[in-house]
Structures are given as structure tokens and as C-alpha cells.
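**Q** Just protein02.cif, nothing more (mmCIF, C-alpha atoms):
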```
data_my_file
loop_
_atom_site.label_atom_id
_atom_site.label_comp_id
_atom_site.auth_asym_id
_atom_site.auth_seq_id
_atom_site.Cartn_x
_atom_site.Cartn_y
_atom_site.Cartn_z
CA MET A 176 100.88 51.31 14.04
CA MET A 177 103.87 50.48 16.24
CA MET A 178 104.32 47.22 18.10
CA THR A 179 105.28 47.30 21.78
CA ARG A 180 107.31 44.63 23.46
CA ARG A 181 104.38 43.93 25.83
CA ASN A 182 101.80 43.50 23.06
CA PHE A 183 104.02 41.23 21.02
CA SER A 184 105.13 39.10 23.96
CA THR A 185 101.57 38.64 25.18
CA ALA A 186 100.50 37.28 21.82
CA LEU A 187 103.35 34.80 21.79
CA VAL A 188 103.23 33.50 25.34
CA ALA A 189 101.28 30.32 24.57
CA GLY A 190 103.35 28.99 21.70
CA ALA A 191 106.68 30.75 21.62
CA ALA A 192 107.93 31.21 25.15
CA ALA A 193 111.36 29.98 24.14
CA SER A 194 111.82 32.75 21.56
CA LEU A 195 113.74 35.92 22.21
CA ILE A 196 111.67 38.59 20.53
CA SER A 197 112.19 42.31 20.32
CA THR A 198 110.76 45.05 18.17
CA ARG A 199 113.02 47.55 16.49
CA GLY A 200 110.73 50.55 16.59
CA MET A 201 110.28 50.79 12.82
CA ALA A 202 106.94 51.49 11.18
CA ALA A 203 105.74 49.58 8.15
CA SER A 204 104.28 52.84 6.81
CA LYS A 205 107.64 54.60 6.48
CA PRO A 206 109.66 53.06 3.62
CA ALA A 207 113.03 54.42 2.51
CA SER A 208 111.33 56.53 -0.16
CA GLY A 209 109.52 58.48 2.56
CA ALA A 210 106.08 57.98 1.01
CA ALA A 211 103.26 56.83 3.25
CA ILE A 212 101.93 53.32 2.60
CA PRO A 213 98.28 52.61 3.49
CA ALA A 214 97.56 49.80 5.93
CA PRO A 215 96.93 46.55 4.04
CA PRO A 216 93.44 45.05 3.75
CA LYS A 217 92.71 41.91 5.74
CA ALA A 218 94.04 38.91 3.83
CA ARG A 219 93.04 35.25 3.98
CA ASN A 220 95.66 34.04 1.49
CA VAL A 221 99.34 33.45 2.20
CA VAL A 222 101.90 32.47 -0.44
CA PHE A 223 105.30 31.18 0.69
CA VAL A 224 108.56 30.88 -1.21
CA HIS A 225 111.61 28.94 -0.04
CA GLY A 226 115.28 29.76 -0.52
CA LEU A 227 118.44 27.81 -1.27
CA PHE A 228 119.16 24.40 0.28
CA ALA A 229 115.43 23.74 0.83
CA ASP A 230 112.06 23.10 -0.80
CA GLY A 231 108.47 24.14 -0.15
CA SER A 232 108.09 21.68 2.72
CA CYS A 233 110.27 23.89 4.93
CA TRP A 234 107.12 25.97 5.57
CA THR A 235 105.07 23.01 6.85
CA GLU A 236 105.08 23.96 10.53
CA VAL A 237 104.09 27.56 9.83
CA ILE A 238 101.43 26.55 7.31
CA ALA A 239 99.74 24.20 9.79
CA ARG A 240 99.39 27.02 12.30
CA LEU A 241 97.95 29.44 9.76
CA GLN A 242 95.52 26.88 8.35
CA ALA A 243 94.23 26.38 11.89
CA LYS A 244 93.33 30.09 11.82
CA GLY A 245 91.42 29.67 8.56
CA LEU A 246 93.99 31.07 6.16
CA ASN A 247 94.48 29.66 2.66
CA CYS A 248 98.18 28.75 2.26
CA THR A 249 100.26 27.81 -0.78
CA ALA A 250 103.99 27.03 -0.88
CA VAL A 251 105.72 27.74 -4.18
CA GLN A 252 108.19 25.13 -5.36
CA ASN A 253 111.01 27.47 -6.32
CA PRO A 254 112.88 25.89 -9.29
CA LEU A 255 116.23 27.33 -8.07
CA THR A 256 117.37 27.79 -11.67
CA THR A 257 117.37 31.50 -12.58
CA LEU A 258 115.80 34.50 -10.89
CA PRO A 259 113.35 35.17 -13.76
CA GLU A 260 112.16 31.54 -13.69
CA ALA A 261 111.83 31.63 -9.91
CA VAL A 262 109.84 34.87 -10.09
CA ALA A 263 107.59 33.42 -12.80
CA SER A 264 106.84 30.35 -10.66
CA ALA A 265 105.73 32.61 -7.82
CA GLN A 266 103.69 34.86 -10.09
CA ARG A 267 101.68 31.89 -11.36
CA VAL A 268 100.72 31.02 -7.79
CA LEU A 269 99.88 34.63 -6.98
CA ASP A 270 97.64 34.76 -10.06
CA ARG A 271 95.52 31.95 -8.61
CA GLN A 272 94.78 33.69 -5.30
CA ASP A 273 91.23 34.96 -4.80
CA GLY A 274 91.98 38.21 -3.02
CA PRO A 275 94.51 40.07 -0.84
CA THR A 276 97.57 37.91 -0.23
CA VAL A 277 100.48 38.01 2.19
CA PHE A 278 103.67 37.14 0.28
CA VAL A 279 106.32 35.48 2.49
CA GLY A 280 109.92 34.64 1.65
CA HIS A 281 112.84 33.02 3.46
CA SER A 282 116.52 33.50 2.74
CA PHE A 283 117.27 33.83 -1.01
CA SER A 284 113.57 33.99 -1.84
CA GLY A 285 113.50 37.51 -0.45
CA MET A 286 114.72 38.35 -3.95
CA ILE A 287 111.52 36.81 -5.33
CA VAL A 288 109.30 38.58 -2.80
CA THR A 289 111.00 41.87 -3.64
CA GLU A 290 110.52 41.41 -7.40
CA ALA A 291 107.16 39.61 -7.65
CA GLY A 292 105.67 41.40 -4.64
CA VAL A 293 104.43 44.21 -6.90
CA HIS A 294 101.71 41.78 -8.04
CA PRO A 295 98.31 43.46 -7.55
CA LYS A 296 97.04 40.67 -5.28
CA VAL A 297 99.92 41.06 -2.84
CA SER A 298 98.76 43.15 0.13
CA SER A 299 101.82 42.83 2.36
CA LEU A 300 105.31 41.32 2.43
CA VAL A 301 107.01 39.21 5.10
CA TYR A 302 110.75 38.54 5.04
CA VAL A 303 112.13 35.76 7.24
CA ALA A 304 115.93 36.05 7.53
CA ALA A 305 115.73 36.98 3.86
CA ARG A 306 117.47 39.01 1.21
CA ALA A 307 115.75 42.34 0.59
CA PRO A 308 117.60 44.15 -2.20
CA ASP A 309 116.61 47.44 -3.74
CA ALA A 310 115.77 47.61 -7.45
CA GLY A 311 118.85 46.87 -9.54
CA GLU A 312 121.05 46.42 -6.47
CA ASP A 313 123.97 44.00 -6.50
CA TYR A 314 123.10 41.95 -3.43
CA THR A 315 126.45 40.14 -3.46
CA ALA A 316 128.28 43.46 -3.29
CA LEU A 317 126.01 44.62 -0.48
CA ALA A 318 126.62 41.42 1.49
CA LYS A 319 130.38 41.88 1.14
CA THR A 320 130.17 45.06 3.20
CA TYR A 321 129.44 42.81 6.21
CA PRO A 322 131.52 39.93 7.64
CA THR A 323 131.07 36.77 5.58
CA PRO A 324 128.72 34.30 7.32
CA PRO A 325 130.19 30.84 8.03
CA ALA A 326 127.77 28.93 5.77
CA SER A 327 129.28 30.53 2.66
CA ALA A 328 132.39 28.41 3.04
CA GLY A 329 130.25 25.26 2.96
CA ILE A 330 128.80 25.75 -0.52
CA VAL A 331 130.17 23.25 -3.03
CA PHE A 332 129.48 22.89 -6.75
CA ASP A 333 129.16 19.93 -9.08
CA GLY A 334 129.53 21.82 -12.32
CA ASP A 335 126.86 24.52 -12.19
CA GLU A 336 124.86 22.81 -9.44
CA GLY A 337 125.43 24.08 -5.91
CA ARG A 338 124.57 22.73 -2.46
CA LEU A 339 125.70 22.86 1.17
CA THR A 340 127.94 20.21 2.65
CA GLU A 341 126.39 18.17 5.42
CA GLU A 342 128.69 19.72 8.03
CA ALA A 343 127.77 23.27 6.98
CA PHE A 344 124.08 22.42 6.72
CA LEU A 345 123.89 21.00 10.24
CA ARG A 346 126.10 23.62 11.88
CA ASP A 347 125.54 26.84 9.93
CA PHE A 348 122.11 26.49 8.30
CA ALA A 349 120.05 24.49 10.80
CA GLY A 350 122.15 24.94 13.92
CA ASP A 351 119.31 25.22 16.43
CA LEU A 352 117.33 22.19 15.22
CA PRO A 353 117.61 18.70 16.73
CA LYS A 354 120.31 16.85 14.83
CA ALA A 355 117.95 14.12 13.64
CA LYS A 356 115.56 16.69 12.17
CA ALA A 357 118.37 18.66 10.56
CA GLU A 358 119.70 15.48 8.97
CA VAL A 359 116.31 14.82 7.38
CA LEU A 360 116.25 18.34 5.97
CA TYR A 361 119.76 17.85 4.63
CA ALA A 362 118.65 14.67 2.89
CA VAL A 363 115.95 16.54 0.94
CA GLN A 364 118.12 19.57 0.20
CA GLN A 365 117.40 20.93 -3.29
CA PRO A 366 120.48 21.92 -5.32
CA PHE A 367 120.51 25.32 -7.03
CA GLN A 368 121.93 26.49 -10.34
CA LYS A 369 124.88 28.90 -10.27
CA ALA A 370 123.01 31.21 -12.66
CA LEU A 371 120.45 31.87 -9.93
CA LEU A 372 123.01 33.88 -7.97
CA THR A 373 123.67 36.31 -10.82
CA GLY A 374 120.12 37.65 -11.01
CA LYS A 375 119.21 41.18 -9.93
CA THR A 376 115.80 42.53 -9.05
CA THR A 377 114.39 45.16 -11.41
CA GLN A 378 111.89 46.54 -8.89
CA ALA A 379 111.48 46.57 -5.12
CA ALA A 380 107.96 45.90 -3.87
CA TRP A 381 108.82 47.04 -0.37
CA HIS A 382 108.78 50.65 -1.57
CA THR A 383 105.01 50.42 -2.03
CA LYS A 384 103.82 47.46 0.09
CA PRO A 385 103.72 47.22 3.92
CA SER A 386 106.57 45.00 5.05
CA TRP A 387 107.49 42.84 8.05
CA TYR A 388 110.89 41.30 8.80
CA ALA A 389 112.08 38.56 11.18
CA VAL A 390 115.79 38.83 11.96
CA SER A 391 117.53 35.64 13.12
CA THR A 392 120.01 36.78 15.75
CA GLU A 393 122.06 33.56 15.62
CA ASP A 394 122.11 33.38 11.81
CA ARG A 395 125.23 31.85 10.25
CA THR A 396 123.91 31.94 6.67
CA ILE A 397 123.04 35.64 6.32
CA ASN A 398 124.80 38.11 8.60
CA PRO A 399 122.26 39.30 11.23
CA ASP A 400 123.51 42.88 10.95
CA LEU A 401 122.86 42.78 7.21
CA GLU A 402 119.34 41.56 7.97
CA ARG A 403 118.88 44.48 10.37
CA PHE A 404 120.16 46.94 7.79
CA MET A 405 117.78 45.70 5.10
CA ALA A 406 114.81 45.67 7.49
CA LYS A 407 115.53 49.23 8.63
CA ARG A 408 116.07 50.49 5.10
CA MET A 409 112.70 49.20 3.93
CA GLY A 410 110.94 50.57 7.01
CA ALA A 411 109.74 47.08 7.91
CA LYS A 412 108.06 46.28 11.18
CA THR A 413 110.79 44.10 12.63
CA ILE A 414 111.18 41.41 15.25
CA GLU A 415 114.30 39.59 16.37
CA VAL A 416 114.22 35.86 17.01
CA LYS A 417 116.98 34.00 18.83
CA ALA A 418 117.27 31.40 16.09
CA SER A 419 119.42 29.96 13.35
CA HIS A 420 118.70 30.73 9.71
CA LEU A 421 115.74 28.33 9.97
CA SER A 422 113.57 30.27 12.41
CA LEU A 423 110.53 29.20 10.37
CA ILE A 424 111.19 25.64 11.57
CA SER A 425 112.67 26.20 15.04
CA HIS A 426 110.19 28.96 16.00
CA PRO A 427 107.08 28.40 13.86
CA ASP A 428 104.71 30.02 16.39
CA THR A 429 106.69 33.24 16.26
CA ILE A 430 106.82 33.35 12.47
CA ALA A 431 103.14 32.41 12.15
CA HIS A 432 102.20 35.24 14.50
CA LEU A 433 104.19 37.73 12.44
CA ILE A 434 102.40 36.59 9.26
CA LEU A 435 99.03 36.82 10.98
CA GLU A 436 99.81 40.43 11.87
CA ALA A 437 100.74 41.16 8.25
CA ALA A 438 97.41 39.56 7.24
CA GLY A 439 95.50 41.90 9.55
CA TYR A 440 94.59 39.40 12.30
#
```
Starting from the coordinates I provided, produce the structure as C-alpha cells.

**A**
Amino acid sequence: MMMTRRNFSTALVAGAAASLISTRGMAASKPASGAAIPAPPKARNVVFVHGLFADGSCWTEVIARLQAKGLNCTAVQNPLTTLPEAVASAQRVLDRQDGPTVFVGHSFSGMIVTEAGVHPKVSSLVYVAARAPDAGEDYTALAKTYPTPPASAGIVFDGDEGRLTEEAFLRDFAGDLPKAKAEVLYAVQQPFQKALLTGKTTQAAWHTKPSWYAVSTEDRTINPDLERFMAKRMGAKTIEVKASHLSLISHPDTIAHLILEAAGY
């Protein structure tokens, strides 16, 4: 089923009037492999995974909106150590779900959604300004085919532990948030291990699961054109949000609505 601009805008008018939304005319039932994917069953469970420079609390605003609709939500605390350990942490949460589950990832955790999304309880995938590699793909090499986003220059390491500088966090990661709120998020920033960045997915769930993607048009952490490429390649139903990399915080109504659609509501 295709989304029209009118249908999507009508659903958002109450809570997301400030968002710039557009659909890209891509069907969730037409992945790159060309095989048809059945529509997902209605889901009442949503599992979230966070990316670099954050923790599970970054999903708080979206979770509150989904809980108000009666959905059961769980945020995985990504260990940010290695990709296999991050995938395992998500799989344990998926194991505990009691039925069809929407699996949602932001930023780096798109790697986790792509790998662990083959879990039998996962009914659909939602990527929010997220990586979406193919199986065995070198994401770093793919990203280098696009202009380097500004945030990359702000990553610093203490040994094997990486983080964003405060200047890069406020300007390039959370650029559309009030400064006071962005400073709080910076204060709770979780460092990541360098080994995390070397991991490659061994499978790509988006070949067999219906997928949705929210592109952040003002993203300075992942190149927006790279986001568009990945969304188109996977055949995801795609929206564009005039937001920084943290659209899940600056536009929670928009992201919650997208997840509700993926859940069959």
C-alpha cells in the first residue's frame, strides 16, 4: 500500500505540524531482491535500539506516545562494545516479546536491526536516520561514496573508547534541539568501543521484512543522500523529516506515527 502526502499529513496535523514530511513513492513490498513481502500482522510490541553517543533513554518521547496507544515498548541498552554483543543484547529482548514486534533502530543501531531483524518475532522494521547495510557489506566504504558528514570530525578517542566532542554533539548531532536539552543529552552520552565500528552484518532482514525509513533532511551525522539511497535500495516506505540526526527527539510525533503504521495501526 502506498502512502499519499495527503493521508500522511492528515494523520500528523495534531502533533507534528512543524515537521516537513514527504513520501518517496516506495513500497514496503518491493525489496531490492524483487520478491514480494506479505503485509505484516498487527503488532502490539515495539523494541527500540539506540546508536552511538546515546543510550536507551533517547527513545523516551516516542515511547510515551506509543504507550498511550496501548503498545508494549522496550528500549534495549546497547552495550556499544562489538556488533555481535550488541546484536545479542537485542535478541534477548526480542526473545521476551509475546507476539509480532516492530523492531526500531536509530543511527548505528540500524546495523543491529538489519542483523537481528530476522528474529521470528519481528514483523516489521523501522529505520530512523539509520545505517541499513546489506549482508556482508562494508558500511564504511559505502559511506565514503558520499560527502563526509560534519559530525565525523568531532569523534575523539581515549584509547579504544570513542565519543563526540561537546561542540560536535550540540552542532552536528543534536542541532535542532534547544541548547539546554542538547547539553543534558551530551552529559549522558555513552562512549563506544572502537571495535564496534569494524563489525559487518551477516544477513539483511530488510530483504524479507516490511521496512519503513525516516530520512533526516538536515542530518549532519549521516549524509541524508546516503539515507535516501539505503531506504530506496531496501524498498522501504519512506518519509522525510526536516530534522537533525535526532528526529526521534525533535519530532517524536512524526516518528511515533511512522512506527504505528509499521505496527498496523

**Q** Under the PyMOL selection byres ((chain A and resi 239-248) around 12), which residues of this model are included? Write them out as a JSON list (two decimals) with C-alpha atoms, keeping the file's coordinate frame.

**A**
```json
[["chain", "number", "residue", "atom", "x", "y", "z"],
["A", 190, "GLY", "CA", 103.35, 28.99, 21.70],
["A", 217, "LYS", "CA", 92.71, 41.91, 5.74],
["A", 218, "ALA", "CA", 94.04, 38.91, 3.83],
["A", 219, "ARG", "CA", 93.04, 35.25, 3.98],
["A", 220, "ASN", "CA", 95.66, 34.04, 1.49],
["A", 221, "VAL", "CA", 99.34, 33.45, 2.20],
["A", 222, "VAL", "CA", 101.90, 32.47, -0.44],
["A", 223, "PHE", "CA", 105.30, 31.18, 0.69],
["A", 224, "VAL", "CA", 108.56, 30.88, -1.21],
["A", 231, "GLY", "CA", 108.47, 24.14, -0.15],
["A", 232, "SER", "CA", 108.09, 21.68, 2.72],
["A", 233, "CYS", "CA", 110.27, 23.89, 4.93],
["A", 234, "TRP", "CA", 107.12, 25.97, 5.57],
["A", 235, "THR", "CA", 105.07, 23.01, 6.85],
["A", 236, "GLU", "CA", 105.08, 23.96, 10.53],
["A", 237, "VAL", "CA", 104.09, 27.56, 9.83],
["A", 238, "ILE", "CA", 101.43, 26.55, 7.31],
["A", 249, "THR", "CA", 100.26, 27.81, -0.78],
["A", 250, "ALA", "CA", 103.99, 27.03, -0.88],
["A", 251, "VAL", "CA", 105.72, 27.74, -4.18],
["A", 268, "VAL", "CA", 100.72, 31.02, -7.79],
["A", 269, "LEU", "CA", 99.88, 34.63, -6.98],
["A", 271, "ARG", "CA", 95.52, 31.95, -8.61],
["A", 272, "GLN", "CA", 94.78, 33.69, -5.30],
["A", 273, "ASP", "CA", 91.23, 34.96, -4.80],
["A", 274, "GLY", "CA", 91.98, 38.21, -3.02],
["A", 275, "PRO", "CA", 94.51, 40.07, -0.84],
["A", 276, "THR", "CA", 97.57, 37.91, -0.23],
["A", 277, "VAL", "CA", 100.48, 38.01, 2.19],
["A", 278, "PHE", "CA", 103.67, 37.14, 0.28],
["A", 279, "VAL", "CA", 106.32, 35.48, 2.49],
["A", 423, "LEU", "CA", 110.53, 29.20, 10.37],
["A", 424, "ILE", "CA", 111.19, 25.64, 11.57],
["A", 426, "HIS", "CA", 110.19, 28.96, 16.00],
["A", 427, "PRO", "CA", 107.08, 28.40, 13.86],
["A", 428, "ASP", "CA", 104.71, 30.02, 16.39],
["A", 429, "THR", "CA", 106.69, 33.24, 16.26],
["A", 430, "ILE", "CA", 106.82, 33.35, 12.47],
["A", 431, "ALA", "CA", 103.14, 32.41, 12.15],
["A", 432, "HIS", "CA", 102.20, 35.24, 14.50],
["A", 433, "LEU", "CA", 104.19, 37.73, 12.44],
["A", 434, "ILE", "CA", 102.40, 36.59, 9.26],
["A", 435, "LEU", "CA", 99.03, 36.82, 10.98],
["A", 436, "GLU", "CA", 99.81, 40.43, 11.87],
["A", 438, "ALA", "CA", 97.41, 39.56, 7.24],
["A", 439, "GLY", "CA", 95.50, 41.90, 9.55],
["A", 440, "TYR", "CA", 94.59, 39.40, 12.30]]
```

**Q** Got a sec: who's within 7 Å of region 318-326 of chain A, counting all atoms listed in the file, leaving out chain neighbours fewer than 2 positions off, as an MDAnalysis selection string?

**A** chainID A and resid 314:316 328:329 343 347:348 395:398 401

**Q** With the cut-off set at 8 Å and counting all atoms listed in the file, tabulate each residue of region 229-263 of chain A with an atom at most that distance from an atom of region 356-374 of chain A, showing the nearest atom pair and its distance in Å to one decimal, ordered by chain and increasing number, as a Markdown table.

**A**
```
| residue | atom | partner | partner_atom | distance |
| --- | --- | --- | --- | --- |
| A:Ala229 | CA | A:Gln364 | CA | 5.0 |
| A:Asp230 | CA | A:Gln365 | CA | 6.3 |
| A:Pro254 | CA | A:Phe367 | CA | 8.0 |
| A:Leu255 | CA | A:Phe367 | CA | 4.8 |
| A:Thr256 | CA | A:Gln368 | CA | 4.9 |
| A:Thr257 | CA | A:Leu371 | CA | 4.1 |
| A:Leu258 | CA | A:Gly374 | CA | 5.3 |
| A:Pro259 | CA | A:Gly374 | CA | 7.7 |
```

**Q** Evaluate the PyMOL selection byres ((chain A and resi 283) around 7) against this structure - the residues, as a list in words, please.

**A** Gly226, Leu227, His281, Ser282, Ser284, Gly285, Met286, Ala305 and Arg306 of chain A

**Q** Quote the spacing between CA of Ala411 (chain A) and CA of Val293 (chain A) in Å to one decimal place.

**A** 16.0 Å

**Q** Can you measure CA of Ala380 (chain A) to CA of Gly292 (chain A) for me? One decimal in Å is fine.

**A**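 These two atoms are separated by 5.1 Å.
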
**Q** Starting from the point (119.7, 35.8, 17.3), work out which residues of protein, DNA or RNA have an atom no more than 8 Å away when counting only C-alpha atoms; state them as number ranges by chain.

**A** A: 195, 390-394, 399, 415-419

**Q** May I have the selected residues written with C-alpha atoms, as a short mmCIF file (atom, residue, chain, number, x, y, z; two decimals), in the coordinates of the input?

**A**
```cif
data_model
loop_
_atom_site.label_atom_id
_atom_site.label_comp_id
_atom_site.auth_asym_id
_atom_site.auth_seq_id
_atom_site.Cartn_x
_atom_site.Cartn_y
_atom_site.Cartn_z
CA LEU A 195 113.74 35.92 22.21
CA VAL A 390 115.79 38.83 11.96
CA SER A 391 117.53 35.64 13.12
CA THR A 392 120.01 36.78 15.75
CA GLU A 393 122.06 33.56 15.62
CA ASP A 394 122.11 33.38 11.81
CA PRO A 399 122.26 39.30 11.23
CA GLU A 415 114.30 39.59 16.37
CA VAL A 416 114.22 35.86 17.01
CA LYS A 417 116.98 34.00 18.83
CA ALA A 418 117.27 31.40 16.09
CA SER A 419 119.42 29.96 13.35
#
```

**Q** Kindly indicate which residue among A:Lys354, A:Lys296, A:Arg346, A:His382 lies nearest to Gln266 (chain A), using only C-alpha atoms for the distances.

**A** A:Lys296

**Q** Put the listed atoms of region 420-425 of chain A in a box along x, y and z with 6 Å added on every side and give me the centre and edge lengths in Å to one decimal, as JSON.

**A**
```
{"center_x": 114.6, "center_y": 28.2, "center_z": 12.4, "size_x": 20.2, "size_y": 17.1, "size_z": 17.3}
```

**Q** Can you work out which one of A:Ile212, A:Thr340, A:Val262, A:Ser422 has the shortest atom-to-atom distance to Trp381 (chain A), counting only C-alpha atoms?

**A**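 Closest candidate: A:Ile212.
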
**Q** Figure out the distance between CA of Glu312 (chain A) and CA of Gln378 (chain A), please, to one decimal in Å.

**A** 9.5 Å

**Q** Show me, as a ChimeraX atom specification, the residues that have an atom within 6 Å of Trp387 (chain A) when counting only C-alpha atoms, minus same-chain residues fewer than 3 positions from it.

**A** /A:301,411-413

**Q** How would the residues just chosen look if you wrote them out with C-alpha atoms as an mmCIF file, in the coordinates of the input?

**A**
```cif
data_model
loop_
_atom_site.group_PDB
_atom_site.id
_atom_site.type_symbol
_atom_site.label_atom_id
_atom_site.label_comp_id
_atom_site.auth_asym_id
_atom_site.auth_seq_id
_atom_site.Cartn_x
_atom_site.Cartn_y
_atom_site.Cartn_z
ATOM 1 C CA VAL A 301 107.010 39.210 5.100
ATOM 2 C CA ALA A 411 109.740 47.080 7.910
ATOM 3 C CA LYS A 412 108.060 46.280 11.180
ATOM 4 C CA THR A 413 110.790 44.100 12.630
#
```
